[in-house]
>>> print(open('work01.tsv').read())   # TSV, N, CA and C atoms and all ligand atoms
chain	number	residue	atom	x	y	z
N	1	MET	N	-51.81	-23.65	-211.65
N	1	MET	CA	-52.09	-24.16	-210.30
N	1	MET	C	-53.59	-24.28	-210.05
N	2	GLU	N	-54.01	-25.43	-209.60
N	2	GLU	CA	-55.42	-25.57	-209.24
N	2	GLU	C	-55.68	-24.87	-207.92
N	3	GLN	N	-56.87	-24.36	-207.78
N	3	GLN	CA	-57.23	-23.68	-206.55
N	3	GLN	C	-58.26	-24.50	-205.77
N	4	TYR	N	-58.13	-24.50	-204.48
N	4	TYR	CA	-59.09	-25.21	-203.63
N	4	TYR	C	-59.59	-24.27	-202.56
N	5	THR	N	-60.83	-24.48	-202.15
N	5	THR	CA	-61.32	-23.69	-201.02
N	5	THR	C	-60.73	-24.26	-199.74
N	6	VAL	N	-60.75	-23.46	-198.70
N	6	VAL	CA	-60.25	-23.91	-197.41
N	6	VAL	C	-61.03	-25.15	-196.95
N	7	THR	N	-62.34	-25.14	-197.16
N	7	THR	CA	-63.16	-26.29	-196.75
N	7	THR	C	-62.74	-27.54	-197.49
N	8	GLU	N	-62.51	-27.41	-198.78
N	8	GLU	CA	-62.08	-28.58	-199.55
N	8	GLU	C	-60.75	-29.12	-199.02
N	9	LEU	N	-59.86	-28.20	-198.74
N	9	LEU	CA	-58.56	-28.64	-198.23
N	9	LEU	C	-58.70	-29.29	-196.87
N	10	GLU	N	-59.54	-28.71	-196.02
N	10	GLU	CA	-59.72	-29.29	-194.69
N	10	GLU	C	-60.34	-30.67	-194.76
N	11	ASP	N	-61.31	-30.84	-195.66
N	11	ASP	CA	-61.93	-32.16	-195.83
N	11	ASP	C	-60.90	-33.17	-196.33
N	12	ALA	N	-60.11	-32.73	-197.29
N	12	ALA	CA	-59.10	-33.63	-197.85
N	12	ALA	C	-58.10	-34.04	-196.76
N	13	LEU	N	-57.75	-33.07	-195.92
N	13	LEU	CA	-56.80	-33.33	-194.86
N	13	LEU	C	-57.35	-34.35	-193.87
N	14	LYS	N	-58.64	-34.22	-193.56
N	14	LYS	CA	-59.28	-35.18	-192.65
N	14	LYS	C	-59.20	-36.59	-193.23
N	15	MET	N	-59.41	-36.68	-194.55
N	15	MET	CA	-59.37	-37.99	-195.19
N	15	MET	C	-57.96	-38.57	-195.11
N	16	VAL	N	-56.98	-37.74	-195.41
N	16	VAL	CA	-55.59	-38.20	-195.36
N	16	VAL	C	-55.23	-38.62	-193.95
N	17	LYS	N	-55.65	-37.83	-192.98
N	17	LYS	CA	-55.31	-38.12	-191.59
N	17	LYS	C	-55.81	-39.50	-191.15
N	18	ARG	N	-56.99	-39.88	-191.63
N	18	ARG	CA	-57.53	-41.19	-191.27
N	18	ARG	C	-56.66	-42.32	-191.79
N	19	LEU	N	-55.86	-42.02	-192.81
N	19	LEU	CA	-55.03	-43.06	-193.42
N	19	LEU	C	-53.61	-43.08	-192.86
N	20	LEU	N	-53.32	-42.16	-191.96
N	20	LEU	CA	-51.97	-42.11	-191.41
N	20	LEU	C	-51.96	-42.68	-189.99
N	21	PRO	N	-50.84	-43.25	-189.60
N	21	PRO	CA	-50.77	-43.82	-188.24
N	21	PRO	C	-50.71	-42.73	-187.19
N	22	PRO	N	-51.64	-42.73	-186.23
N	22	PRO	CA	-51.52	-41.77	-185.13
N	22	PRO	C	-50.27	-42.07	-184.33
N	23	ARG	N	-49.75	-41.08	-183.64
N	23	ARG	CA	-48.60	-41.26	-182.79
N	23	ARG	C	-48.84	-42.40	-181.81
N	24	TYR	N	-47.88	-43.25	-181.63
N	24	TYR	CA	-47.87	-44.34	-180.65
N	24	TYR	C	-48.75	-45.52	-181.01
N	25	GLU	N	-49.52	-45.42	-182.08
N	25	GLU	CA	-50.23	-46.62	-182.50
N	25	GLU	C	-49.18	-47.56	-183.10
N	26	CYS	N	-49.32	-48.87	-182.82
N	26	CYS	CA	-48.30	-49.79	-183.32
N	26	CYS	C	-48.61	-50.20	-184.76
N	27	LEU	N	-47.60	-50.75	-185.42
N	27	LEU	CA	-47.75	-51.15	-186.82
N	27	LEU	C	-48.89	-52.16	-187.01
N	28	ALA	N	-49.00	-53.13	-186.10
N	28	ALA	CA	-50.00	-54.18	-186.29
N	28	ALA	C	-51.42	-53.62	-186.17
N	29	CYS	N	-51.66	-52.76	-185.17
N	29	CYS	CA	-52.99	-52.18	-185.01
N	29	CYS	C	-53.31	-51.27	-186.20
N	30	TYR	N	-52.31	-50.53	-186.65
N	30	TYR	CA	-52.50	-49.67	-187.81
N	30	TYR	C	-52.85	-50.49	-189.05
N	31	LEU	N	-52.04	-51.51	-189.30
N	31	LEU	CA	-52.29	-52.38	-190.46
N	31	LEU	C	-53.68	-53.01	-190.39
N	32	ASN	N	-54.02	-53.49	-189.23
N	32	ASN	CA	-55.31	-54.13	-189.02
N	32	ASN	C	-56.44	-53.18	-189.43
N	33	ARG	N	-56.30	-51.91	-189.13
N	33	ARG	CA	-57.33	-50.93	-189.51
N	33	ARG	C	-57.26	-50.63	-191.00
N	34	MET	N	-56.04	-50.48	-191.51
N	34	MET	CA	-55.88	-50.00	-192.89
N	34	MET	C	-56.27	-51.05	-193.93
N	35	LEU	N	-56.21	-52.33	-193.56
N	35	LEU	CA	-56.52	-53.35	-194.54
N	35	LEU	C	-57.97	-53.26	-195.02
N	36	GLU	N	-58.81	-52.59	-194.24
N	36	GLU	CA	-60.17	-52.29	-194.71
N	36	GLU	C	-60.13	-51.50	-196.01
N	37	HIS	N	-59.09	-50.74	-196.19
N	37	HIS	CA	-58.97	-49.92	-197.40
N	37	HIS	C	-58.27	-50.68	-198.52
N	38	GLY	N	-58.03	-51.96	-198.31
N	38	GLY	CA	-57.42	-52.76	-199.35
N	38	GLY	C	-55.93	-52.93	-199.16
N	39	CYS	N	-55.37	-53.81	-199.96
N	39	CYS	CA	-53.97	-54.17	-199.83
N	39	CYS	C	-53.30	-53.96	-201.17
N	40	SER	N	-52.22	-53.21	-201.21
N	40	SER	CA	-51.43	-53.16	-202.44
N	40	SER	C	-49.96	-53.07	-202.06
N	41	GLY	N	-49.32	-54.22	-202.10
N	41	GLY	CA	-47.91	-54.29	-201.73
N	41	GLY	C	-47.74	-53.95	-200.26
N	42	LEU	N	-46.58	-53.43	-199.91
N	42	LEU	CA	-46.33	-53.08	-198.51
N	42	LEU	C	-46.64	-51.60	-198.27
N	43	LYS	N	-47.69	-51.11	-198.93
N	43	LYS	CA	-48.01	-49.69	-198.86
N	43	LYS	C	-48.22	-49.18	-197.44
N	44	TRP	N	-49.07	-49.89	-196.66
N	44	TRP	CA	-49.36	-49.40	-195.30
N	44	TRP	C	-48.15	-49.59	-194.40
N	45	CYS	N	-47.45	-50.68	-194.57
N	45	CYS	CA	-46.22	-50.90	-193.79
N	45	CYS	C	-45.21	-49.78	-194.05
N	46	THR	N	-45.03	-49.44	-195.31
N	46	THR	CA	-44.02	-48.42	-195.59
N	46	THR	C	-44.51	-47.03	-195.17
N	47	THR	N	-45.83	-46.79	-195.27
N	47	THR	CA	-46.35	-45.51	-194.77
N	47	THR	C	-46.03	-45.38	-193.29
N	48	TYR	N	-46.31	-46.47	-192.55
N	48	TYR	CA	-46.04	-46.46	-191.11
N	48	TYR	C	-44.55	-46.24	-190.85
N	49	ARG	N	-43.75	-47.04	-191.55
N	49	ARG	CA	-42.30	-46.96	-191.34
N	49	ARG	C	-41.80	-45.54	-191.63
N	50	ASP	N	-42.18	-44.99	-192.77
N	50	ASP	CA	-41.68	-43.67	-193.14
N	50	ASP	C	-42.07	-42.59	-192.12
N	51	MET	N	-43.28	-42.74	-191.55
N	51	MET	CA	-43.74	-41.71	-190.62
N	51	MET	C	-43.28	-41.92	-189.20
N	52	ARG	N	-43.29	-43.18	-188.77
N	52	ARG	CA	-43.10	-43.45	-187.35
N	52	ARG	C	-41.81	-44.18	-187.00
N	53	ALA	N	-41.22	-44.85	-187.98
N	53	ALA	CA	-40.02	-45.63	-187.67
N	53	ALA	C	-39.05	-45.59	-188.84
N	54	PRO	N	-38.63	-44.35	-189.24
N	54	PRO	CA	-37.83	-44.22	-190.46
N	54	PRO	C	-36.53	-45.02	-190.46
N	55	ARG	N	-36.07	-45.42	-189.29
N	55	ARG	CA	-34.80	-46.15	-189.27
N	55	ARG	C	-34.97	-47.64	-189.46
N	56	ALA	N	-36.20	-48.10	-189.49
N	56	ALA	CA	-36.45	-49.54	-189.69
N	56	ALA	C	-36.33	-49.87	-191.17
N	57	THR	N	-35.14	-49.63	-191.70
N	57	THR	CA	-34.97	-49.75	-193.15
N	57	THR	C	-34.88	-51.19	-193.62
N	58	ALA	N	-34.66	-52.12	-192.71
N	58	ALA	CA	-34.55	-53.53	-193.12
N	58	ALA	C	-35.92	-54.15	-193.36
N	59	MET	N	-36.96	-53.39	-193.06
N	59	MET	CA	-38.31	-53.94	-193.12
N	59	MET	C	-38.67	-54.58	-194.47
N	60	GLU	N	-38.39	-53.88	-195.56
N	60	GLU	CA	-38.76	-54.40	-196.89
N	60	GLU	C	-38.08	-55.72	-197.20
N	61	ARG	N	-36.92	-55.95	-196.60
N	61	ARG	CA	-36.22	-57.21	-196.83
N	61	ARG	C	-36.74	-58.27	-195.86
N	62	ARG	N	-36.89	-57.88	-194.60
N	62	ARG	CA	-37.28	-58.81	-193.55
N	62	ARG	C	-38.69	-59.35	-193.73
N	63	PHE	N	-39.64	-58.48	-194.01
N	63	PHE	CA	-41.02	-58.92	-194.05
N	63	PHE	C	-41.26	-59.99	-195.12
N	64	PRO	N	-40.77	-59.79	-196.36
N	64	PRO	CA	-40.95	-60.86	-197.34
N	64	PRO	C	-40.28	-62.17	-196.91
N	65	GLU	N	-39.11	-62.08	-196.26
N	65	GLU	CA	-38.46	-63.29	-195.76
N	65	GLU	C	-39.36	-64.07	-194.82
N	66	LEU	N	-40.21	-63.34	-194.12
N	66	LEU	CA	-41.09	-63.97	-193.13
N	66	LEU	C	-42.46	-64.27	-193.71
N	67	GLY	N	-42.61	-64.09	-195.00
N	67	GLY	CA	-43.88	-64.43	-195.63
N	67	GLY	C	-44.79	-63.25	-195.85
N	68	GLY	N	-44.31	-62.05	-195.59
N	68	GLY	CA	-45.14	-60.86	-195.77
N	68	GLY	C	-44.73	-60.07	-197.00
N	69	TYR	N	-45.27	-60.48	-198.16
N	69	TYR	CA	-44.93	-59.78	-199.40
N	69	TYR	C	-45.84	-58.58	-199.62
N	70	CYS	N	-46.94	-58.55	-198.91
N	70	CYS	CA	-47.82	-57.39	-198.99
N	70	CYS	C	-48.47	-57.22	-197.62
N	71	ASP	N	-49.20	-56.13	-197.45
N	71	ASP	CA	-49.73	-55.79	-196.12
N	71	ASP	C	-50.60	-56.89	-195.51
N	72	CYS	N	-51.48	-57.51	-196.35
N	72	CYS	CA	-52.37	-58.51	-195.75
N	72	CYS	C	-51.58	-59.76	-195.39
N	73	GLU	N	-50.50	-60.06	-196.13
N	73	GLU	CA	-49.68	-61.21	-195.77
N	73	GLU	C	-48.85	-60.94	-194.50
N	74	VAL	N	-48.48	-59.68	-194.33
N	74	VAL	CA	-47.79	-59.33	-193.08
N	74	VAL	C	-48.73	-59.61	-191.91
N	75	MET	N	-49.97	-59.20	-192.07
N	75	MET	CA	-50.97	-59.41	-191.03
N	75	MET	C	-51.19	-60.91	-190.81
N	76	ALA	N	-51.21	-61.68	-191.89
N	76	ALA	CA	-51.51	-63.10	-191.78
N	76	ALA	C	-50.31	-63.90	-191.30
N	77	ASN	N	-49.11	-63.52	-191.72
N	77	ASN	CA	-47.94	-64.38	-191.49
N	77	ASN	C	-46.98	-63.86	-190.44
N	78	ILE	N	-47.01	-62.59	-190.15
N	78	ILE	CA	-46.01	-62.04	-189.24
N	78	ILE	C	-46.60	-61.63	-187.90
N	79	PHE	N	-47.80	-61.10	-187.92
N	79	PHE	CA	-48.44	-60.73	-186.66
N	79	PHE	C	-49.54	-61.74	-186.33
N	80	ARG	N	-49.71	-61.98	-185.07
N	80	ARG	CA	-50.75	-62.89	-184.62
N	80	ARG	C	-51.35	-62.29	-183.36
N	81	THR	N	-52.65	-62.39	-183.21
N	81	THR	CA	-53.26	-61.77	-182.03
N	81	THR	C	-52.85	-62.50	-180.76
N	82	ASN	N	-52.62	-61.77	-179.72
N	82	ASN	CA	-52.42	-62.35	-178.39
N	82	ASN	C	-53.79	-62.58	-177.80
N	83	ASP	N	-54.30	-63.79	-178.00
N	83	ASP	CA	-55.73	-64.01	-177.80
N	83	ASP	C	-56.29	-63.61	-176.44
N	84	GLU	N	-55.46	-63.75	-175.40
N	84	GLU	CA	-56.03	-63.47	-174.07
N	84	GLU	C	-56.40	-62.00	-173.90
N	85	LEU	N	-55.85	-61.14	-174.77
N	85	LEU	CA	-56.17	-59.72	-174.66
N	85	LEU	C	-57.33	-59.30	-175.56
N	86	TRP	N	-57.83	-60.26	-176.35
N	86	TRP	CA	-58.94	-59.95	-177.24
N	86	TRP	C	-60.21	-60.53	-176.65
N	87	PRO	N	-61.27	-59.73	-176.64
N	87	PRO	CA	-62.50	-60.19	-175.99
N	87	PRO	C	-63.09	-61.39	-176.72
N	88	ARG	N	-63.69	-62.27	-175.93
N	88	ARG	CA	-64.34	-63.44	-176.51
N	88	ARG	C	-65.83	-63.38	-176.31
N	89	LEU	N	-66.52	-64.02	-177.23
N	89	LEU	CA	-67.96	-64.12	-177.10
N	89	LEU	C	-68.27	-65.26	-176.14
N	90	ALA	N	-69.53	-65.38	-175.78
N	90	ALA	CA	-69.96	-66.41	-174.83
N	90	ALA	C	-69.53	-67.81	-175.27
N	91	ASP	N	-69.54	-68.05	-176.59
N	91	ASP	CA	-69.17	-69.39	-177.08
N	91	ASP	C	-67.66	-69.59	-177.20
N	92	GLY	N	-66.90	-68.61	-176.74
N	92	GLY	CA	-65.45	-68.76	-176.74
N	92	GLY	C	-64.77	-68.28	-178.01
N	93	LYS	N	-65.54	-67.91	-179.01
N	93	LYS	CA	-64.94	-67.39	-180.25
N	93	LYS	C	-64.53	-65.95	-180.05
N	94	LEU	N	-63.51	-65.54	-180.81
N	94	LEU	CA	-63.11	-64.15	-180.75
N	94	LEU	C	-64.21	-63.27	-181.33
N	95	ASP	N	-64.42	-62.14	-180.70
N	95	ASP	CA	-65.44	-61.20	-181.15
N	95	ASP	C	-64.87	-60.36	-182.30
N	96	ASP	N	-65.30	-60.64	-183.52
N	96	ASP	CA	-64.76	-59.92	-184.68
N	96	ASP	C	-65.18	-58.46	-184.72
N	97	GLU	N	-66.28	-58.18	-184.03
N	97	GLU	CA	-66.83	-56.82	-184.10
N	97	GLU	C	-65.97	-55.84	-183.32
N	98	TYR	N	-65.40	-56.32	-182.26
N	98	TYR	CA	-64.71	-55.40	-181.36
N	98	TYR	C	-63.19	-55.53	-181.49
N	99	VAL	N	-62.55	-54.44	-181.81
N	99	VAL	CA	-61.10	-54.43	-181.87
N	99	VAL	C	-60.60	-53.58	-180.72
N	100	PRO	N	-59.83	-54.18	-179.82
N	100	PRO	CA	-59.34	-53.38	-178.68
N	100	PRO	C	-58.43	-52.26	-179.15
N	101	PRO	N	-58.46	-51.14	-178.44
N	101	PRO	CA	-57.56	-50.04	-178.83
N	101	PRO	C	-56.10	-50.43	-178.62
N	102	CYS	N	-55.24	-49.88	-179.45
N	102	CYS	CA	-53.80	-50.17	-179.38
N	102	CYS	C	-53.27	-49.88	-177.99
N	103	HIS	N	-52.38	-50.76	-177.51
N	103	HIS	CA	-51.74	-50.53	-176.22
N	103	HIS	C	-50.59	-49.54	-176.31
N	104	LYS	N	-50.31	-49.09	-177.51
N	104	LYS	CA	-49.32	-48.05	-177.76
N	104	LYS	C	-47.87	-48.57	-177.67
N	105	VAL	N	-47.08	-48.05	-178.58
N	105	VAL	CA	-45.65	-48.34	-178.57
N	105	VAL	C	-44.89	-47.03	-178.65
N	106	ARG	N	-43.59	-47.11	-178.37
N	106	ARG	CA	-42.79	-45.89	-178.50
N	106	ARG	C	-42.63	-45.58	-179.98
N	107	LEU	N	-42.30	-44.35	-180.29
N	107	LEU	CA	-42.02	-43.99	-181.68
N	107	LEU	C	-40.74	-44.68	-182.12
N	108	GLY	N	-40.66	-44.99	-183.40
N	108	GLY	CA	-39.40	-45.51	-183.93
N	108	GLY	C	-39.32	-47.02	-183.97
N	109	THR	N	-40.38	-47.72	-183.62
N	109	THR	CA	-40.31	-49.17	-183.68
N	109	THR	C	-41.41	-49.71	-184.60
N	110	ILE	N	-41.13	-50.85	-185.24
N	110	ILE	CA	-42.18	-51.50	-186.00
N	110	ILE	C	-42.70	-52.72	-185.24
N	111	LYS	N	-42.27	-52.86	-183.99
N	111	LYS	CA	-42.80	-53.95	-183.15
N	111	LYS	C	-44.24	-53.62	-182.77
N	112	PRO	N	-45.05	-54.67	-182.62
N	112	PRO	CA	-46.45	-54.42	-182.24
N	112	PRO	C	-46.60	-54.19	-180.74
N	113	CYS	N	-47.78	-53.73	-180.32
N	113	CYS	CA	-48.08	-53.61	-178.89
N	113	CYS	C	-48.46	-54.98	-178.34
N	114	GLU	N	-48.82	-55.04	-177.06
N	114	GLU	CA	-49.09	-56.34	-176.41
N	114	GLU	C	-50.26	-57.10	-177.01
N	115	LEU	N	-51.06	-56.44	-177.83
N	115	LEU	CA	-52.21	-57.14	-178.43
N	115	LEU	C	-51.76	-58.19	-179.44
N	116	TRP	N	-50.49	-58.15	-179.84
N	116	TRP	CA	-50.01	-59.01	-180.92
N	116	TRP	C	-48.72	-59.71	-180.55
N	117	SER	N	-48.49	-60.82	-181.23
N	117	SER	CA	-47.16	-61.43	-181.22
N	117	SER	C	-46.58	-61.22	-182.61
N	118	MET	N	-45.25	-61.19	-182.66
N	118	MET	CA	-44.60	-60.98	-183.95
N	118	MET	C	-43.67	-62.13	-184.24
N	119	ARG	N	-43.74	-62.63	-185.46
N	119	ARG	CA	-42.84	-63.70	-185.87
N	119	ARG	C	-41.42	-63.14	-185.86
N	120	THR	N	-40.51	-63.90	-185.27
N	120	THR	CA	-39.18	-63.35	-185.11
N	120	THR	C	-38.13	-63.98	-185.99
N	121	GLY	N	-38.39	-65.14	-186.55
N	121	GLY	CA	-37.35	-65.76	-187.38
N	121	GLY	C	-37.95	-66.45	-188.57
N	122	VAL	N	-37.08	-66.90	-189.45
N	122	VAL	CA	-37.57	-67.52	-190.67
N	122	VAL	C	-37.84	-69.00	-190.44
N	123	GLN	N	-38.70	-69.32	-189.50
N	123	GLN	CA	-39.05	-70.71	-189.28
N	123	GLN	C	-40.35	-71.01	-189.98
N	124	TRP	N	-40.27	-71.80	-191.03
N	124	TRP	CA	-41.49	-72.12	-191.74
N	124	TRP	C	-42.20	-73.25	-191.05
N	125	GLY	N	-43.49	-73.32	-191.21
N	125	GLY	CA	-44.25	-74.40	-190.58
N	125	GLY	C	-44.14	-74.26	-189.08
N	126	GLY	N	-45.11	-73.73	-188.46
N	126	GLY	CA	-45.03	-73.49	-187.02
N	126	GLY	C	-44.56	-72.08	-186.78
N	127	GLY	N	-43.32	-71.82	-187.15
N	127	GLY	CA	-42.80	-70.47	-186.96
N	127	GLY	C	-42.67	-70.16	-185.48
N	128	VAL	N	-41.98	-69.12	-185.18
N	128	VAL	CA	-41.80	-68.73	-183.80
N	128	VAL	C	-42.43	-67.37	-183.57
N	129	PHE	N	-43.39	-67.34	-182.69
N	129	PHE	CA	-44.00	-66.07	-182.33
N	129	PHE	C	-43.63	-65.78	-180.88
N	130	ARG	N	-43.16	-64.61	-180.68
N	130	ARG	CA	-42.81	-64.28	-179.30
N	130	ARG	C	-43.70	-63.13	-178.86
N	131	ALA	N	-44.31	-63.29	-177.71
N	131	ALA	CA	-45.15	-62.22	-177.19
N	131	ALA	C	-44.27	-61.02	-176.89
N	132	ILE	N	-44.79	-59.85	-177.18
N	132	ILE	CA	-44.04	-58.63	-176.91
N	132	ILE	C	-44.26	-58.25	-175.45
N	133	LYS	N	-43.17	-58.10	-174.75
N	133	LYS	CA	-43.27	-57.69	-173.34
N	133	LYS	C	-43.09	-56.18	-173.26
N	134	ARG	N	-43.82	-55.60	-172.39
N	134	ARG	CA	-43.65	-54.15	-172.19
N	134	ARG	C	-42.28	-53.89	-171.59
N	135	ALA	N	-41.55	-52.96	-172.15
N	135	ALA	CA	-40.19	-52.69	-171.69
N	135	ALA	C	-40.21	-52.00	-170.33
N	201	ZN	ZN	-52.08	-58.46	-199.73
N	202	ZN	ZN	-51.16	-51.89	-181.13
>>> encode(input="work01.tsv", output="structure tokens", more="lines below")
Ligand SMILES: [Zn+2]
Ligand SMILES: [Zn+2]
Amino acid sequence: MEQYTVTELEDALKMVKRLLPPRYECLACYLNRMLEHGCSGLKWCTTYRDMRAPRATAMERRFPELGGYCDCEVMANIFRTNDELWPRLADGKLDDEYVPPCHKVRLGTIKPCELWSMRTGVQWGGGVFRAIKRA
């Protein structure tokens, strides 16, 4: 058995914690943050699902159907920003520097918060995005 000091373990834990979805953060906001750490398959989606929405077992089948074969494709093809909730610069462009904090979702869902729309069906070309309404 390898031995670690308490400090080493605490530091490691802090690192791991940064990679896990906080309670009530939605999948889209989580993914958006995690993609900074790179994309490998549906790793971040499944991490989120396993921790926060374990019953969303159809996800691995559904997301590829909608064009999301890996985390960055999920972000590109399944979630879309609800632009009116994202700050704009003076010239009307979205401000890439500022990411609004998650509007929070209940535990157990892979639906995004109001900051995002989610593709709901397998409509290619155009696709259907429906804004998420607060329940
Ligand atoms: Zn990817
Ligand atoms: Zn969110």
>>> closest_residue(input="work01.tsv", among="N:Lys93, N:Arg52, N:Arg33, N:Lys43", to="N:Cys70", atoms="only N, CA and C atoms")
N:Lys43
>>> closest_atom_pairs(input="work01.tsv", of="chain N", to="ligand ZN 202 (chain N)", cutoff="9 Å", atoms="only C-alpha atoms and all ligand atoms", output="CSV")
residue,atom,partner,partner_atom,distance
N:Tyr24,CA,N:ZN202,ZN,8.2
N:Glu25,CA,N:ZN202,ZN,5.5
N:Cys26,CA,N:ZN202,ZN,4.2
N:Leu27,CA,N:ZN202,ZN,6.7
N:Ala28,CA,N:ZN202,ZN,5.8
N:Cys29,CA,N:ZN202,ZN,4.3
N:Tyr30,CA,N:ZN202,ZN,7.2
N:Pro100,CA,N:ZN202,ZN,8.7
N:Pro101,CA,N:ZN202,ZN,7.0
N:Cys102,CA,N:ZN202,ZN,3.6
N:His103,CA,N:ZN202,ZN,5.1
N:Lys104,CA,N:ZN202,ZN,5.4
N:Val105,CA,N:ZN202,ZN,7.0
N:Lys111,CA,N:ZN202,ZN,8.8
N:Pro112,CA,N:ZN202,ZN,5.5
N:Cys113,CA,N:ZN202,ZN,4.2
N:Glu114,CA,N:ZN202,ZN,6.8
N:Leu115,CA,N:ZN202,ZN,6.0
N:Trp116,CA,N:ZN202,ZN,7.2
>>> atom_distance(input="work01.tsv", atom1="atom C of N:Met118", atom2="atom C of N:Ile78")
4.7 Å
>>> closest_residue(input="work01.tsv", among="N:Gly92, N:Pro54, N:Gly41, N:Pro64", to="ligand ZN 201 (chain N)", atoms="only N, CA and C atoms and all ligand atoms")
N:Gly41
>>> residues_near_ligand(input="work01.tsv", ligand="ligand ZN 201 (chain N)", cutoff="7 Å", atoms="only C-alpha atoms and all ligand atoms", output="list of chain:residue names")
N:Cys39, N:Ser40, N:Gly41, N:Cys70, N:Asp71, N:Cys72, N:Glu73
